[in-house]
$ cat input36.txt   # compact mmCIF, C-alpha atoms
# COMPACT_ATOMS: atom_id res chain seq x y z
CA MET E 9 0.00 0.00 0.00
CA GLU E 10 3.00 2.33 0.36
CA PHE E 11 3.24 2.43 -3.45
CA LEU E 12 -0.24 3.99 -3.57
CA GLN E 13 0.19 6.35 -0.63
CA ASP E 14 -1.12 9.86 -1.32
CA SER E 15 -1.43 9.18 -5.05
CA ILE E 16 -5.05 9.52 -6.12
CA PRO E 17 -4.36 8.59 -9.78
CA LYS E 18 -2.56 5.40 -8.68
CA VAL E 19 -5.40 4.48 -6.32
CA CYS E 20 -7.93 5.04 -9.12
CA LEU E 21 -5.92 2.91 -11.57
CA ALA E 22 -5.47 0.14 -9.01
CA ALA E 23 -9.20 0.20 -8.19
CA ALA E 24 -10.03 -0.01 -11.90
CA ALA E 25 -7.64 -2.97 -12.28
CA ALA E 26 -9.28 -4.70 -9.30
CA ALA E 27 -12.73 -4.15 -10.82
CA LEU E 28 -11.59 -5.55 -14.16
CA TYR E 29 -10.18 -8.60 -12.39
CA ALA E 30 -13.51 -9.03 -10.58
CA ARG E 31 -15.36 -8.90 -13.91
CA ALA E 32 -13.02 -11.37 -15.59
CA SER E 33 -13.00 -13.89 -12.73
CA SER E 34 -16.77 -13.67 -12.29
CA SER E 35 -17.28 -14.40 -15.97
CA LEU E 36 -15.35 -17.66 -15.51
CA LEU E 37 -16.82 -18.80 -12.18
CA ARG E 38 -20.41 -19.41 -11.15
CA PRO E 39 -21.87 -17.57 -8.16
CA GLY E 40 -21.03 -19.22 -4.88
CA LEU E 41 -17.97 -20.17 -2.86
CA PRO E 42 -15.47 -20.46 -5.77
CA ARG E 43 -16.36 -16.96 -7.02
CA LEU E 44 -16.22 -15.57 -3.47
CA VAL E 45 -12.73 -17.03 -2.95
CA ALA E 46 -11.58 -15.51 -6.23
CA LEU E 47 -12.97 -12.10 -5.22
CA LEU E 48 -11.49 -12.03 -1.70
CA PRO E 49 -8.37 -10.09 -2.87
CA VAL E 50 -10.65 -7.47 -4.43
CA LEU E 51 -12.63 -7.13 -1.19
CA ALA E 52 -9.41 -6.73 0.79
CA PHE E 53 -8.06 -4.13 -1.62
CA LEU E 54 -11.26 -2.06 -1.62
CA ALA E 55 -11.29 -2.05 2.19
CA ALA E 56 -7.64 -0.94 2.40
CA ALA E 57 -7.41 1.49 -0.55
CA PRO E 58 -8.87 4.55 1.25
CA LEU E 59 -6.09 4.33 3.85
CA ALA E 60 -3.63 5.32 1.13
CA CYS E 61 -5.17 8.82 1.12
CA THR E 62 -3.32 10.00 4.23
CA SER E 63 -2.99 13.71 3.48
CA SER E 64 -6.68 14.61 3.11
CA THR E 65 -9.46 13.60 5.49
CA ASN E 66 -12.15 14.58 2.96
CA VAL E 67 -10.60 12.53 0.15
CA ARG E 68 -10.08 9.55 2.47
CA GLY E 69 -13.68 9.72 3.66
CA THR E 70 -15.06 9.95 0.12
CA ALA E 71 -12.88 7.04 -1.01
CA ALA E 72 -14.02 5.01 2.01
CA PHE E 73 -17.67 5.60 1.09
CA PHE E 74 -17.15 4.77 -2.60
CA LEU E 75 -14.81 1.78 -2.21
CA ALA E 76 -14.76 0.39 1.33
CA TRP E 77 -18.53 0.53 1.78
CA LEU E 78 -20.40 0.52 -1.51
CA GLY E 79 -17.65 -1.18 -3.49
CA THR E 80 -17.17 -4.10 -1.09
CA PHE E 81 -20.93 -4.66 -0.81
CA LYS E 82 -21.31 -4.67 -4.60
CA VAL E 83 -18.45 -7.16 -5.02
CA ALA E 84 -19.82 -9.38 -2.23
CA LEU E 85 -23.20 -9.37 -3.96
CA LEU E 86 -21.46 -10.18 -7.24
CA ALA E 87 -19.98 -13.26 -5.56
CA ALA E 88 -23.52 -14.37 -4.76
CA GLY E 89 -24.80 -13.56 -8.24
CA ARG E 90 -26.92 -10.66 -6.99
CA GLY E 91 -26.79 -6.89 -6.87
CA PRO E 92 -25.99 -4.30 -9.54
CA LEU E 93 -22.81 -5.89 -10.93
CA ASP E 94 -22.93 -8.44 -13.72
CA PRO E 95 -19.92 -9.77 -15.66
CA ALA E 96 -22.03 -9.45 -18.81
CA LEU E 97 -22.06 -5.66 -18.48
CA PRO E 98 -19.82 -3.70 -20.87
CA VAL E 99 -16.40 -2.89 -19.43
CA LEU E 100 -17.00 0.83 -18.95
CA THR E 101 -20.45 0.28 -17.45
CA PHE E 102 -19.03 -2.33 -15.06
CA LEU E 103 -16.28 0.06 -13.93
CA PHE E 104 -18.73 2.92 -13.36
CA THR E 105 -21.12 0.70 -11.39
CA ALA E 106 -18.41 -1.00 -9.32
CA LEU E 107 -16.37 2.04 -8.29
CA LEU E 108 -18.87 4.91 -8.14
CA PRO E 109 -22.07 5.45 -6.14
CA VAL E 110 -24.38 4.98 -9.10
CA LYS E 111 -27.19 2.60 -9.97
CA LEU E 112 -28.12 1.76 -13.53
CA ARG E 113 -31.76 2.19 -14.43
CA GLY E 114 -32.94 -1.26 -15.42
CA ALA E 115 -35.26 -2.13 -18.25
CA ALA E 116 -38.02 -2.81 -15.74
CA ALA E 117 -37.43 0.49 -13.93
CA PRO E 118 -40.39 2.70 -13.16
CA ALA E 119 -41.89 4.39 -16.15
CA LYS E 120 -41.21 7.81 -14.70
CA ALA E 121 -38.35 9.28 -16.64
CA GLY E 122 -35.34 10.54 -14.80
CA LYS E 123 -35.71 14.22 -14.08
CA PRO E 124 -33.06 16.36 -15.74
CA VAL E 125 -30.60 18.10 -13.46
CA SER E 126 -31.98 21.52 -12.57
CA LEU E 127 -29.46 24.23 -13.37
CA VAL E 128 -31.20 26.54 -10.90
CA SER E 129 -30.90 23.94 -8.14
CA CYS E 130 -27.21 23.37 -8.96
CA ALA E 131 -26.56 27.12 -8.98
CA VAL E 132 -28.23 27.51 -5.59
CA LYS E 133 -26.15 24.67 -4.10
CA VAL E 134 -22.94 26.13 -5.56
CA ALA E 135 -23.83 29.50 -4.05
CA VAL E 136 -24.57 27.89 -0.67
CA ILE E 137 -21.22 26.05 -0.69
CA ALA E 138 -19.43 29.28 -1.64
CA VAL E 139 -21.02 31.10 1.30
CA LEU E 140 -20.13 28.22 3.63
CA LEU E 141 -16.51 28.22 2.49
CA TRP E 142 -16.36 31.91 3.31
CA LEU E 143 -17.96 31.36 6.71
CA TYR E 144 -15.46 28.62 7.58
CA GLN E 145 -12.86 31.37 8.04
CA PHE E 146 -14.71 32.28 11.24
CA SER E 147 -15.34 28.73 12.45
CA ASP E 148 -13.22 29.26 15.57
CA ARG E 149 -15.72 31.94 16.70
CA MET E 150 -18.81 29.80 16.08
CA HIS E 151 -20.69 27.66 18.55
CA LEU E 152 -20.04 23.96 18.05
CA TYR E 153 -23.64 23.25 17.02
CA ALA E 154 -23.53 26.09 14.49
CA ARG E 155 -20.41 24.59 12.91
CA LEU E 156 -21.97 21.15 12.79
CA ALA E 157 -25.18 22.51 11.25
CA LEU E 158 -23.19 24.34 8.57
CA TYR E 159 -21.16 21.24 7.81
CA GLY E 160 -24.31 19.11 7.57
CA VAL E 161 -25.76 21.51 4.98
CA HIS E 162 -22.41 21.55 3.19
CA MET E 163 -22.25 17.76 2.91
CA TYR E 164 -25.78 17.53 1.54
CA CYS E 165 -25.12 20.22 -1.08
CA PHE E 166 -21.73 18.70 -1.97
CA PHE E 167 -23.02 15.17 -2.53
CA ASP E 168 -26.19 16.39 -4.24
CA LEU E 169 -23.90 18.16 -6.71
CA LEU E 170 -21.26 15.43 -7.03
CA LEU E 171 -23.56 12.46 -7.57
CA PRO E 172 -25.68 14.05 -10.36
CA CYS E 173 -22.43 15.07 -12.06
CA ILE E 174 -21.27 11.45 -11.97
CA ALA E 175 -24.66 10.37 -13.32
CA ALA E 176 -24.42 13.00 -16.06
CA ALA E 177 -20.99 11.67 -17.04
CA GLY E 178 -22.45 8.19 -17.22
CA GLY E 179 -25.36 9.50 -19.27
CA ALA E 180 -22.94 11.09 -21.74
CA LEU E 181 -21.42 7.62 -22.16
CA GLY E 182 -24.82 6.05 -22.81
CA MET E 183 -25.62 4.85 -19.28
CA GLU E 184 -28.90 5.83 -17.66
CA MET E 185 -28.52 6.32 -13.90
CA GLU E 186 -31.09 6.56 -11.17
CA PRO E 187 -31.07 9.70 -8.96
CA GLN E 188 -29.39 9.44 -5.55
CA PHE E 189 -31.33 12.16 -3.70
CA ASP E 190 -34.93 13.23 -4.11
CA ARG E 191 -35.49 16.42 -2.09
CA PRO E 192 -35.12 14.81 1.36
CA TYR E 193 -36.30 18.05 3.00
CA LEU E 194 -39.81 17.22 1.71
CA ALA E 195 -40.03 13.79 3.38
CA SER E 196 -43.41 13.15 4.99
CA SER E 197 -42.23 10.24 7.17
CA LEU E 198 -39.04 8.58 8.34
CA ARG E 199 -39.70 5.70 5.93
CA ASP E 200 -40.13 8.22 3.12
CA PHE E 201 -36.89 9.96 4.13
CA TRP E 202 -34.67 6.89 4.34
CA GLY E 203 -36.30 4.68 1.73
CA ARG E 204 -37.23 7.06 -1.08
CA ARG E 205 -35.33 10.34 -0.67
CA TRP E 206 -31.97 10.18 1.13
CA ASN E 207 -28.82 8.58 -0.31
CA LEU E 208 -30.73 6.04 -2.37
CA MET E 209 -27.58 4.18 -3.43
CA VAL E 210 -27.15 2.91 0.12
CA SER E 211 -30.78 1.75 0.22
CA ALA E 212 -30.29 0.00 -3.12
CA ILE E 213 -27.26 -1.88 -1.74
CA LEU E 214 -28.72 -2.76 1.67
CA ARG E 215 -31.95 -4.08 0.16
CA PRO E 216 -30.49 -7.15 -1.61
CA SER E 217 -27.60 -7.67 0.81
CA VAL E 218 -29.40 -7.34 4.17
CA TYR E 219 -33.11 -6.54 4.00
CA ASP E 220 -34.29 -9.20 1.54
CA PRO E 221 -32.44 -12.17 3.15
CA VAL E 222 -33.50 -11.20 6.68
CA ARG E 223 -37.06 -10.45 5.62
CA ALA E 224 -37.37 -13.87 3.98
CA ARG E 225 -36.46 -15.55 7.26
CA ALA E 226 -37.73 -13.25 10.01
CA GLY E 227 -40.21 -10.78 8.52
CA SER E 228 -40.22 -7.21 7.31
CA ALA E 229 -39.62 -5.55 10.70
CA ALA E 230 -36.51 -7.66 11.30
CA GLY E 231 -35.28 -6.77 7.81
CA VAL E 232 -35.65 -3.06 8.52
CA LEU E 233 -33.88 -3.33 11.88
CA ALA E 234 -31.05 -5.38 10.40
CA SER E 235 -30.60 -2.90 7.52
CA PHE E 236 -30.34 0.06 9.89
CA ALA E 237 -27.98 -1.87 12.19
CA VAL E 238 -25.63 -2.68 9.29
CA SER E 239 -25.84 0.92 8.11
CA GLY E 240 -24.88 2.06 11.60
CA LEU E 241 -21.88 -0.29 11.68
CA MET E 242 -20.72 0.94 8.27
CA HIS E 243 -21.06 4.57 9.40
CA GLU E 244 -18.91 3.69 12.41
CA ALA E 245 -16.36 2.26 9.97
CA MET E 246 -16.50 5.50 7.95
CA VAL E 247 -15.70 7.48 11.11
CA CYS E 248 -12.72 5.20 11.72
CA TYR E 249 -11.47 5.87 8.19
CA LEU E 250 -11.88 9.61 8.76
CA SER E 251 -10.26 9.73 12.19
CA LEU E 252 -7.79 6.83 11.78
CA ARG E 253 -8.74 5.86 15.32
CA TRP E 254 -10.11 2.67 16.85
CA PRO E 255 -12.48 1.81 18.46
CA PRO E 256 -15.41 3.99 17.34
CA SER E 257 -17.65 5.78 19.82
CA GLY E 258 -20.86 3.93 18.96
CA GLY E 259 -22.87 7.10 18.41
CA MET E 260 -23.42 6.44 14.72
CA ALA E 261 -24.63 2.90 15.39
CA ALA E 262 -26.98 4.17 18.09
CA PHE E 263 -28.35 6.82 15.71
CA PHE E 264 -29.24 4.30 13.00
CA VAL E 265 -30.58 1.66 15.39
CA LEU E 266 -32.84 4.34 16.88
CA HIS E 267 -34.08 5.36 13.44
CA GLY E 268 -34.65 1.72 12.50
CA VAL E 269 -36.77 1.16 15.59
CA CYS E 270 -38.67 4.38 14.88
CA CYS E 271 -39.30 3.37 11.25
CA VAL E 272 -40.76 0.04 12.39
CA ALA E 273 -42.90 1.80 15.02
CA GLU E 274 -43.97 4.42 12.49
CA GLY E 275 -45.11 1.73 10.04
CA TRP E 276 -47.10 -0.04 12.75
CA TRP E 277 -48.67 3.23 13.90
CA ALA E 278 -49.50 4.30 10.32
CA ARG E 279 -51.40 1.06 9.72
CA ARG E 280 -53.25 1.42 13.02
CA TRP E 281 -54.03 5.08 12.24
CA ALA E 282 -55.42 4.16 8.81
CA THR E 283 -57.64 1.35 10.10
CA SER E 284 -59.00 3.64 12.83
CA GLY E 285 -60.33 6.06 10.23
CA TRP E 286 -58.51 9.05 11.67
CA PRO E 287 -57.57 11.80 9.21
CA PRO E 288 -53.90 11.75 8.18
CA LEU E 289 -51.54 14.48 9.28
CA GLN E 290 -51.32 17.34 6.84
CA ARG E 291 -48.21 17.15 4.68
CA PRO E 292 -46.53 20.34 6.00
CA VAL E 293 -47.00 19.17 9.60
CA ALA E 294 -45.64 15.69 8.87
CA THR E 295 -42.65 17.13 6.99
CA ALA E 296 -41.87 19.52 9.85
CA LEU E 297 -42.01 16.69 12.40
CA VAL E 298 -39.67 14.52 10.32
CA GLY E 299 -37.22 17.40 9.93
CA LEU E 300 -37.26 18.14 13.65
CA PHE E 301 -36.73 14.50 14.59
CA VAL E 302 -33.86 13.96 12.13
CA THR E 303 -32.19 17.21 13.20
CA ALA E 304 -32.58 16.59 16.93
CA THR E 305 -31.28 13.02 16.81
CA SER E 306 -28.41 14.08 14.53
CA PHE E 307 -27.18 16.63 17.07
CA TRP E 308 -27.72 14.13 19.87
CA LEU E 309 -26.02 11.06 18.35
CA PHE E 310 -24.74 11.52 14.78
CA PHE E 311 -22.60 14.65 14.88
CA PRO E 312 -20.94 13.99 18.26
CA ALA E 313 -19.42 10.86 16.71
CA LEU E 314 -17.31 13.21 14.57
CA LEU E 315 -15.85 14.79 17.71
CA PRO E 316 -13.17 15.38 18.73
CA GLY E 317 -10.81 15.93 15.86
CA VAL E 318 -12.66 14.79 12.73
CA GLU E 319 -14.93 17.81 12.45
CA GLU E 320 -11.99 20.19 12.86
CA LYS E 321 -9.93 18.46 10.16
CA LEU E 322 -12.83 18.41 7.70
CA MET E 323 -13.59 22.08 8.21
CA GLU E 324 -9.92 23.10 8.10
CA GLU E 325 -9.54 21.46 4.69
CA TRP E 326 -12.67 23.12 3.32
CA ALA E 327 -11.60 26.46 4.83
CA ALA E 328 -8.29 26.08 2.99
CA VAL E 329 -10.23 25.49 -0.24
CA GLY E 330 -12.26 28.64 0.41
CA ALA E 331 -9.13 30.66 1.21
CA PHE E 332 -7.52 29.46 -2.03
CA PHE E 333 -10.44 30.67 -4.14
CA LEU E 334 -10.68 33.94 -2.23
CA ASP E 335 -6.96 34.52 -2.74
CA ALA E 336 -7.21 33.60 -6.42
CA GLY E 337 -10.18 35.94 -6.81
CA GLY E 338 -8.26 38.76 -5.15
CA LYS E 339 -5.44 38.39 -7.66
CA VAL E 340 -7.75 38.73 -10.66
CA PRO E 341 -7.61 42.40 -11.73
CA SER E 342 -10.86 44.31 -11.88
CA TYR E 343 -12.21 45.79 -15.09
CA GLY E 344 -10.89 49.25 -14.13
CA GLN E 345 -7.44 47.89 -13.36
CA ARG E 346 -7.34 46.03 -16.68
CA SER E 347 -8.39 49.22 -18.52
CA LYS E 348 -5.64 51.26 -16.85
CA THR E 349 -3.07 48.59 -17.62
CA PHE E 350 -4.17 48.45 -21.26
CA SER E 351 -4.05 52.26 -21.54
CA SER E 352 -0.55 52.42 -20.09
CA LEU E 353 0.62 49.77 -22.52
CA THR E 354 -0.87 51.57 -25.52
CA LEU E 355 0.69 54.87 -24.46
$ encode --input "input36.txt" --output "structure tokens"
Amino acid sequence: MEFLQDSIPKVCLAAAAAALYARASSSLLRPGLPRLVALLPVLAFLAAAPLACTSSTNVRGTAAFFLAWLGTFKVALLAAGRGPLDPALPVLTFLFTALLPVKLRGAAAPAKAGKPVSLVSCAVKVAVIAVLLWLYQFSDRMHLYARLALYGVHMYCFFDLLLPCIAAAGGALGMEMEPQFDRPYLASSLRDFWGRRWNLMVSAILRPSVYDPVRARAGSAAGVLASFAVSGLMHEAMVCYLSLRWPPSGGMAAFFVLHGVCCVAEGWWARRWATSGWPPLQRPVATALVGLFVTATSFWLFFPALLPGVEEKLMEEWAAVGAFFLDAGGKVPSYGQRSKTFSSLTL
């Protein structure tokens, strides 16, 4: 791994080579134990590759999400002959699906066409990120909860820009991708938030790998609880990648277990509410309650897991990005300065 240390191009090339090996070996071996044994080196590489990104916490965290979480789950599903990867896929499509947080739209996908990326929405998110980068200069004067709230908004805007860009690149190459976010701030229930609006790639991976097998043996509620428990464990692993510390605090796992229990209880209560003939909550009220619950539990359990140390490193790196652009912008001469320069040269 020292050969790959702090070299993003080398990590990307090595990950692509591992994915190509996975495709080739899977095309020769049937799903089951032989294919799993052949793919074990790929699983080990994907889990270790993010650790090569030692100089940037943000890059290491993004690589951990793409490779160590989603990538390993996709390859494990490939070993079982399930999931989004198929050795029959074209090479470029296989690489995109294996190494990036994208999901191909299947032939039997819903009839609703994928909504085009809104330029207005992208412009708003870019503007929000620009304002946040400027505010990060004053992070040492902010209350801790204010910093965490700003970073939470930043991460949503960042990923809701990054993932559609990846999908657009795939679309330009002839691949039709499913959206990864669907306006989570409009969720009318916790089940709506987690299952249909927030980070849908994770839901698409947990469904065949955890929910479906557990549901077949123990019922839907057990499948939901198991999915949230696995998600919590993987979030704990992501914190370990970010902080390079062990063991984790357990806050992330507690957050997702709590939300899993609440989703099961919410489903039971919704069925009871409907059979009782009571009028449903109005949409704005339900959306506000979901937002309050997600925000409150995030500040209680989710964000503290990033403390101490991780939050500061993440914000320091983004503040450096903001300072770079501010400095670059300050060096660009204004129109008046350019006119004076041009006049002096002509004289």
$ closest_atom_pairs --input "input36.txt" --of "segment 140-226 of chain E" --to "segment 290-297 of chain E" --cutoff "8 Å" --atoms "only C-alpha atoms" --output "Markdown table"
| residue | atom | partner | partner_atom | distance |
| --- | --- | --- | --- | --- |
| E:Tyr193 | CA | E:Thr295 | CA | 7.6 |
| E:Leu194 | CA | E:Thr295 | CA | 6.0 |
| E:Ala195 | CA | E:Thr295 | CA | 5.6 |
| E:Ser196 | CA | E:Thr295 | CA | 4.5 |
| E:Ser197 | CA | E:Ala294 | CA | 6.6 |
$ atom_distance --input "input36.txt" --atom1 "atom CA of Ala30 of chain E" --atom2 "atom CA of Ala46 of chain E"
8.0 Å
$ closest_residue --input "input36.txt" --among "E:Ile137, E:Cys61, E:Ala72, E:Ala52" --to "Lys18 of chain E" --atoms "all atoms listed in the file"
E:Cys61
$ closest_residue --input "input36.txt" --among "E:Ala224, E:Ala237, E:Ala229, E:Met185" --to "Ala273 of chain E" --atoms "all atoms listed in the file"
E:Ala229
$ atom_distance --input "input36.txt" --atom1 "atom CA of Tyr164 of chain E" --atom2 "atom CA of Glu184 of chain E"
22.7 Å
$ atom_distance --input "input36.txt" --atom1 "atom CA of Pro98 of chain E" --atom2 "atom CA of Val110 of chain E"
15.3 Å
$ residues_around --input "input36.txt" --residues "Glu325 of chain E" --least-positions-apart "6" --cutoff "10 Å" --atoms "all atoms listed in the file" --output "CSV table (one decimal) with C-alpha atoms, keeping the file's coordinate frame"
chain,number,residue,atom,x,y,z
E,64,SER,CA,-6.7,14.6,3.1
E,65,THR,CA,-9.5,13.6,5.5
E,66,ASN,CA,-12.2,14.6,3.0
E,141,LEU,CA,-16.5,28.2,2.5
E,144,TYR,CA,-15.5,28.6,7.6
E,331,ALA,CA,-9.1,30.7,1.2
$ residues_around --input "input36.txt" --residues "Leu78 of chain E" --least-positions-apart "2" --cutoff "9 Å" --atoms "only C-alpha atoms" --output "PyMOL selection string"
chain E and resi 72-76+80-83+106-109+209-210+213
$ closest_residue --input "input36.txt" --among "E:Leu289, E:Leu127, E:Leu314, E:Ala55" --to "Pro256 of chain E" --atoms "all atoms listed in the file"
E:Leu314
$ build_atoms --input "input36.txt" --residues "segment 56-66 of chain E" --atoms "all heavy atoms" --output "short mmCIF file (atom, residue, chain, number, x, y, z; two decimals), in the coordinates of the input"
data_model
loop_
_atom_site.label_atom_id
_atom_site.label_comp_id
_atom_site.auth_asym_id
_atom_site.auth_seq_id
_atom_site.Cartn_x
_atom_site.Cartn_y
_atom_site.Cartn_z
N ALA E 56 -8.89 -1.59 1.99
CA ALA E 56 -7.64 -0.94 2.40
C ALA E 56 -7.31 0.30 1.58
O ALA E 56 -6.58 1.17 2.06
CB ALA E 56 -6.49 -1.95 2.28
N ALA E 57 -7.82 0.41 0.36
CA ALA E 57 -7.41 1.49 -0.55
C ALA E 57 -7.61 2.89 0.03
O ALA E 57 -6.73 3.74 -0.14
CB ALA E 57 -8.15 1.36 -1.88
N PRO E 58 -8.71 3.19 0.73
CA PRO E 58 -8.87 4.55 1.25
C PRO E 58 -7.77 4.96 2.22
O PRO E 58 -7.48 6.16 2.36
CB PRO E 58 -10.23 4.51 1.95
CG PRO E 58 -10.97 3.41 1.28
CD PRO E 58 -9.93 2.39 0.95
N LEU E 59 -7.15 4.01 2.89
CA LEU E 59 -6.09 4.33 3.85
C LEU E 59 -4.85 4.90 3.17
O LEU E 59 -3.99 5.47 3.83
CB LEU E 59 -5.72 3.09 4.66
CG LEU E 59 -6.85 2.49 5.51
CD1 LEU E 59 -6.40 1.20 6.15
CD2 LEU E 59 -7.32 3.49 6.55
N ALA E 60 -4.76 4.74 1.84
CA ALA E 60 -3.63 5.32 1.13
C ALA E 60 -3.74 6.83 1.02
O ALA E 60 -2.74 7.51 0.76
CB ALA E 60 -3.54 4.71 -0.28
N CYS E 61 -4.95 7.37 1.22
CA CYS E 61 -5.17 8.82 1.12
C CYS E 61 -4.93 9.44 2.50
O CYS E 61 -5.87 9.80 3.20
CB CYS E 61 -6.58 9.12 0.62
SG CYS E 61 -7.01 8.29 -0.92
N THR E 62 -3.65 9.57 2.88
CA THR E 62 -3.32 10.00 4.23
C THR E 62 -3.31 11.51 4.41
O THR E 62 -3.42 12.00 5.54
CB THR E 62 -1.95 9.45 4.63
OG1 THR E 62 -0.97 9.88 3.67
CG2 THR E 62 -1.96 7.93 4.67
N SER E 63 -3.18 12.26 3.33
CA SER E 63 -2.99 13.71 3.48
C SER E 63 -4.30 14.49 3.55
O SER E 63 -4.31 15.63 3.99
CB SER E 63 -2.14 14.25 2.32
OG SER E 63 -2.80 14.04 1.09
N SER E 64 -5.41 13.90 3.13
CA SER E 64 -6.68 14.61 3.11
C SER E 64 -7.77 13.78 3.76
O SER E 64 -8.08 12.67 3.31
CB SER E 64 -7.08 14.97 1.68
OG SER E 64 -8.41 15.48 1.64
N THR E 65 -8.37 14.30 4.82
CA THR E 65 -9.46 13.60 5.49
C THR E 65 -10.68 13.52 4.59
O THR E 65 -11.38 12.49 4.56
CB THR E 65 -9.81 14.33 6.80
OG1 THR E 65 -8.65 14.44 7.60
CG2 THR E 65 -10.88 13.57 7.57
N ASN E 66 -10.98 14.59 3.84
CA ASN E 66 -12.15 14.58 2.96
C ASN E 66 -12.01 13.55 1.85
O ASN E 66 -12.96 12.82 1.54
CB ASN E 66 -12.36 15.98 2.36
CG ASN E 66 -13.02 16.93 3.33
OD1 ASN E 66 -14.20 16.86 3.59
ND2 ASN E 66 -12.22 17.84 3.90
#
